[in-house]
Amino acid sequence: MAEFPGLIGIRPPRSRFAIRGTASAATATPSLPTPLDPTVASPHIPQERPHETAALNSDADEDALMEDADTDASTESSDDEEEDLGEVIRRIKELRLKAEGARKQHDRHTLAVQEAIRQQACICMGIERKKKGNTTMYSELPPPPLICDNVQPNPDALTMAWTQTPRHPYNRAAADIIAEALFKNPDFKELLGTPAGRASKPLTLQTVSDQMTVSFRTFAKVWKDQHNARAIAVASAQHKDAYHKMLDQARLLHNADHRRDTLLKHRKKVAVRMKRQLWIAILDHIGASSQSSDDDGPNDAYQQIPKLWRHPDLIEFCSILDKLDLVLAAKEVIPKTAFAFRKRLPHPVVGISSTRAPNTKLEKQFYAPEQVKRFGDYHSYPDKKLDLALALLDARRVLQSYTTDE
C-alpha cells in the first residue's frame with residue numbers, strides 16, 4: 001500500500017469466493033477478518049472517532065428540526081393561500097353575477113326600446129296589433145307605395161316599401177318620421193329615464209331610426225304572409241267559382257240527359273200503347289240523344305231548345321207523340337205522371353238551337369237538308385230503310401181520331 005499513497009483509506013476489492021465463503025477461497029486467499037464485523041477494525045478503513053460521531057448526530061438532528069419547521073411553515077402558508085383563493089373565487093362569482101344582472105337589465109331595456117319602436121310604427125301606419133298567447137297578430141298592413149323618383153312618405157298616410165330593403169331611401173325617410181314621433185311620446189321618455197335607460201348608451205333619432213330596420217323586417221314578413229294569403233284566397237275563390245261552374249254545367253248536362261231519357265221513355269210508351277212497331281223502331285233508331293233539349297221555364301213548364309239538324313218530319317212526328325201522351329193520360333188510358341202534364345213551350349229566345357253535336361249514325365231521311373250538306377258526299381249513312389213519312393201519316397191520323405172523339 002506504500003507504493004500507492006493515494007489509495008489510503010480505500011477498501012481493496014475482495015474475492016467473490018471469500019464473500020460467498022467457499023472452500024476454494026480459503027486456500028486461495030489468506031484468512032482475514034471480515035469487514036462486515038463491526039467489532040473488528042479493518043486496516044484499510046478509517047474508524048470513526050467518538051467526537052466525530054456526536055457531531056454528525058447533532059447535525060442530523062438540526063436538519064430534522066429544520067425540515068419540521070419548514071413543513072409547519074408550508075402548512076400555514078397553504079392554509080392562508082386556500083383562504084385567499086376562496087375569497088377570490090367568491091368575489092369573482094359576485095362580479096359575474098353583477099355583470100350578468102347588468103347584462104340582463106340591458107337586454108330588457110333593449111327589448112323594451114324595440115317594442116316601443118314597433119308600437120309607434122303601428123300607430124303611425126294605422127296597424128292594429130295584439131298578442132294571443134305567444135303569437136303577435138297584426139291587422140292588414142297598408143300596401144307599399146309606388147316607388148318613383150323624389151317620392152317621399154306621407155306622415156298622414158304612412159306606409160313603407162315592403163318589397164324594398166330597409167336601407168332604401170323611402171324606408172329611411174319613413175323610419176325618421178317614426179323616430180321623431182317616438183321621441184315625442186311621453187311613455188318613451190319615461191322609459192329612457194329608468195335606471196337601465198340612464199345606464200345604457202343615449203338614444204338619438206339616428207340610432208332609433210337605425211333600430212327600425214329590425215322592426216321593418218318583422219313588418220315586411222307579416223306583409224308578405226298577408227299578401228300570399230290574399231293571393232291564395234283569390235286563387236281559391238277563382239278555383240271555387242270555376243269548380244261550381246263546372247258542377248253547374250255537369251248538373252245541367254245531367255238534367256238535360258235525364259229529361260231526354262224521360263222524353264224518349266214517354267214517347268215509346270205511346271208507341272207501345274198504340275201497338276205501332278214502326279214507331280218503336282224509329283224511336284229506337286234515333287235514341288235519347290236525338291230528343292230535343294229543354295230548359296226549365298216558368299210555371300213548371302219546359303222551354304224547348306230545338307235541334308236544327310233534325311228533319312222537319314222527324315220534329316213533327318215527335319211532337320205528335322207528345323200530344324198523344326197528354327191525350328192518353330187525360331183519358332186515363334195510360335198512367336198519369338207529372339212529366340206528362342208539364343207543358344213544353346217554345347223557347348223565348350228567337351233562333352236558339354242546341355249546341356250539341358248531331359247524332360251521326362242516323363239514316364239520311366232523318367237529317368235536315370242543310371245538315372246533309374254539312375256532312376258532305378263522303379258521309380256514310382246506315383241502311384235500315386225505316387219509312388219516316390209513313391210513320392208520320394199514321395201518327396197524324398191517330399191524333400186526329402182522338403181529337404175528333406172529344
# chains A, B, ... in the order shown; residues from 1 in each chain; ligands from 1
call {"tool": "residues_around", "arguments": {"residues": "A:Lys224", "least_positions_apart": "2", "cutoff": "12 Å", "atoms": "only C-alpha atoms", "output": "list in words"}}
result
Glu140, Leu141, Pro142, Pro143, Pro144, Ala161, Trp162, Thr163, Gln164, Phe216, Arg217, Thr218, Phe219, Ala220, Lys221, Val222, Gln226, His227, Asn228, Ala229, Arg230 and Ala231 of chain A
call {"tool": "residues_around", "arguments": {"residues": "A:Glu363", "least_positions_apart": "3", "cutoff": "6 Å", "atoms": "only C-alpha atoms", "output": "PyMOL selection string"}}
result
chain A and resi 366+381-382
call {"tool": "select_by_dssp", "arguments": {"residues": "stretch 166-346 of chain A", "states": "alpha helix (DSSP H)", "output": "VMD selection string"}}
result
chain A and resid 169 to 183 186 to 192 195 to 199 205 to 273 277 to 286 312 to 330
call {"tool": "residues_around", "arguments": {"residues": "stretch 120-135 of chain A", "least_positions_apart": "2", "cutoff": "6 Å", "atoms": "only C-alpha atoms", "output": "list in words"}}
result
Ile117, Arg118, Met137, Tyr138, Ser139, Leu158, Thr159 and Ile178 of chain A
call {"tool": "write_last_selection", "arguments": {"atoms": "N, CA and C atoms", "output": "tab-separated table (two decimals), in the first residue's frame"}}
result
chain	number	residue	atom	x	y	z
A	117	ILE	N	-90.59	50.89	-30.41
A	117	ILE	CA	-90.48	51.27	-31.83
A	117	ILE	C	-91.58	50.59	-32.64
A	118	ARG	N	-91.84	49.31	-32.37
A	118	ARG	CA	-92.89	48.61	-33.11
A	118	ARG	C	-94.26	49.21	-32.83
A	137	MET	N	-100.33	39.20	-33.38
A	137	MET	CA	-101.20	39.26	-34.56
A	137	MET	C	-101.32	40.71	-35.00
A	138	TYR	N	-101.26	40.92	-36.33
A	138	TYR	CA	-101.34	42.25	-36.93
A	138	TYR	C	-102.56	42.30	-37.85
A	139	SER	N	-103.15	43.47	-37.90
A	139	SER	CA	-104.19	43.67	-38.89
A	139	SER	C	-103.55	43.85	-40.28
A	158	LEU	N	-98.96	56.98	-43.66
A	158	LEU	CA	-97.61	56.42	-43.71
A	158	LEU	C	-97.66	54.94	-44.07
A	159	THR	N	-96.77	54.56	-44.91
A	159	THR	CA	-96.53	53.16	-45.25
A	159	THR	C	-95.06	53.01	-45.59
A	178	ILE	N	-91.06	57.95	-37.99
A	178	ILE	CA	-91.45	57.15	-36.82
A	178	ILE	C	-90.59	57.49	-35.62
call {"tool": "atom_distance", "arguments": {"atom1": "atom CA of A:Val113", "atom2": "atom CA of A:Lys189"}}
result
10.7 Å
call {"tool": "closest_atom_pairs", "arguments": {"of": "stretch 237-291 of chain A", "to": "stretch 309-327 of chain A", "cutoff": "12 Å", "atoms": "only C-alpha atoms", "output": "JSON lines"}}
result
{"residue": "A:Thr262", "atom": "CA", "partner": "A:Asp322", "partner_atom": "CA", "distance": 11.7}
{"residue": "A:Leu263", "atom": "CA", "partner": "A:Asp322", "partner_atom": "CA", "distance": 8.5}
{"residue": "A:Leu264", "atom": "CA", "partner": "A:Cys318", "partner_atom": "CA", "distance": 9.3}
{"residue": "A:Lys265", "atom": "CA", "partner": "A:Asp325", "partner_atom": "CA", "distance": 10.8}
{"residue": "A:His266", "atom": "CA", "partner": "A:Asp325", "partner_atom": "CA", "distance": 7.1}
{"residue": "A:Arg267", "atom": "CA", "partner": "A:Leu321", "partner_atom": "CA", "distance": 5.6}
{"residue": "A:Lys268", "atom": "CA", "partner": "A:Leu321", "partner_atom": "CA", "distance": 8.5}
{"residue": "A:Lys269", "atom": "CA", "partner": "A:Asp325", "partner_atom": "CA", "distance": 8.2}
{"residue": "A:Val270", "atom": "CA", "partner": "A:Asp325", "partner_atom": "CA", "distance": 6.1}
{"residue": "A:Ala271", "atom": "CA", "partner": "A:Leu321", "partner_atom": "CA", "distance": 7.9}
{"residue": "A:Val272", "atom": "CA", "partner": "A:Leu321", "partner_atom": "CA", "distance": 11.3}
{"residue": "A:Arg273", "atom": "CA", "partner": "A:Asp325", "partner_atom": "CA", "distance": 9.9}
{"residue": "A:Met274", "atom": "CA", "partner": "A:Leu324", "partner_atom": "CA", "distance": 9.9}
{"residue": "A:Arg276", "atom": "CA", "partner": "A:Leu321", "partner_atom": "CA", "distance": 11.7}
{"residue": "A:Leu278", "atom": "CA", "partner": "A:Phe317", "partner_atom": "CA", "distance": 12.0}
{"residue": "A:Trp279", "atom": "CA", "partner": "A:Phe317", "partner_atom": "CA", "distance": 9.2}
{"residue": "A:Ile280", "atom": "CA", "partner": "A:Leu321", "partner_atom": "CA", "distance": 11.3}
{"residue": "A:Ile282", "atom": "CA", "partner": "A:Leu314", "partner_atom": "CA", "distance": 9.5}
{"residue": "A:Leu283", "atom": "CA", "partner": "A:Cys318", "partner_atom": "CA", "distance": 9.0}
{"residue": "A:His285", "atom": "CA", "partner": "A:Leu314", "partner_atom": "CA", "distance": 11.9}
{"residue": "A:Ile286", "atom": "CA", "partner": "A:Leu314", "partner_atom": "CA", "distance": 9.6}
{"residue": "A:Gly287", "atom": "CA", "partner": "A:Cys318", "partner_atom": "CA", "distance": 12.0}
{"residue": "A:Ala288", "atom": "CA", "partner": "A:Cys318", "partner_atom": "CA", "distance": 11.9}
{"residue": "A:Ser289", "atom": "CA", "partner": "A:Arg310", "partner_atom": "CA", "distance": 11.5}
{"residue": "A:Ser290", "atom": "CA", "partner": "A:Arg310", "partner_atom": "CA", "distance": 8.1}
{"residue": "A:Gln291", "atom": "CA", "partner": "A:Cys318", "partner_atom": "CA", "distance": 8.3}
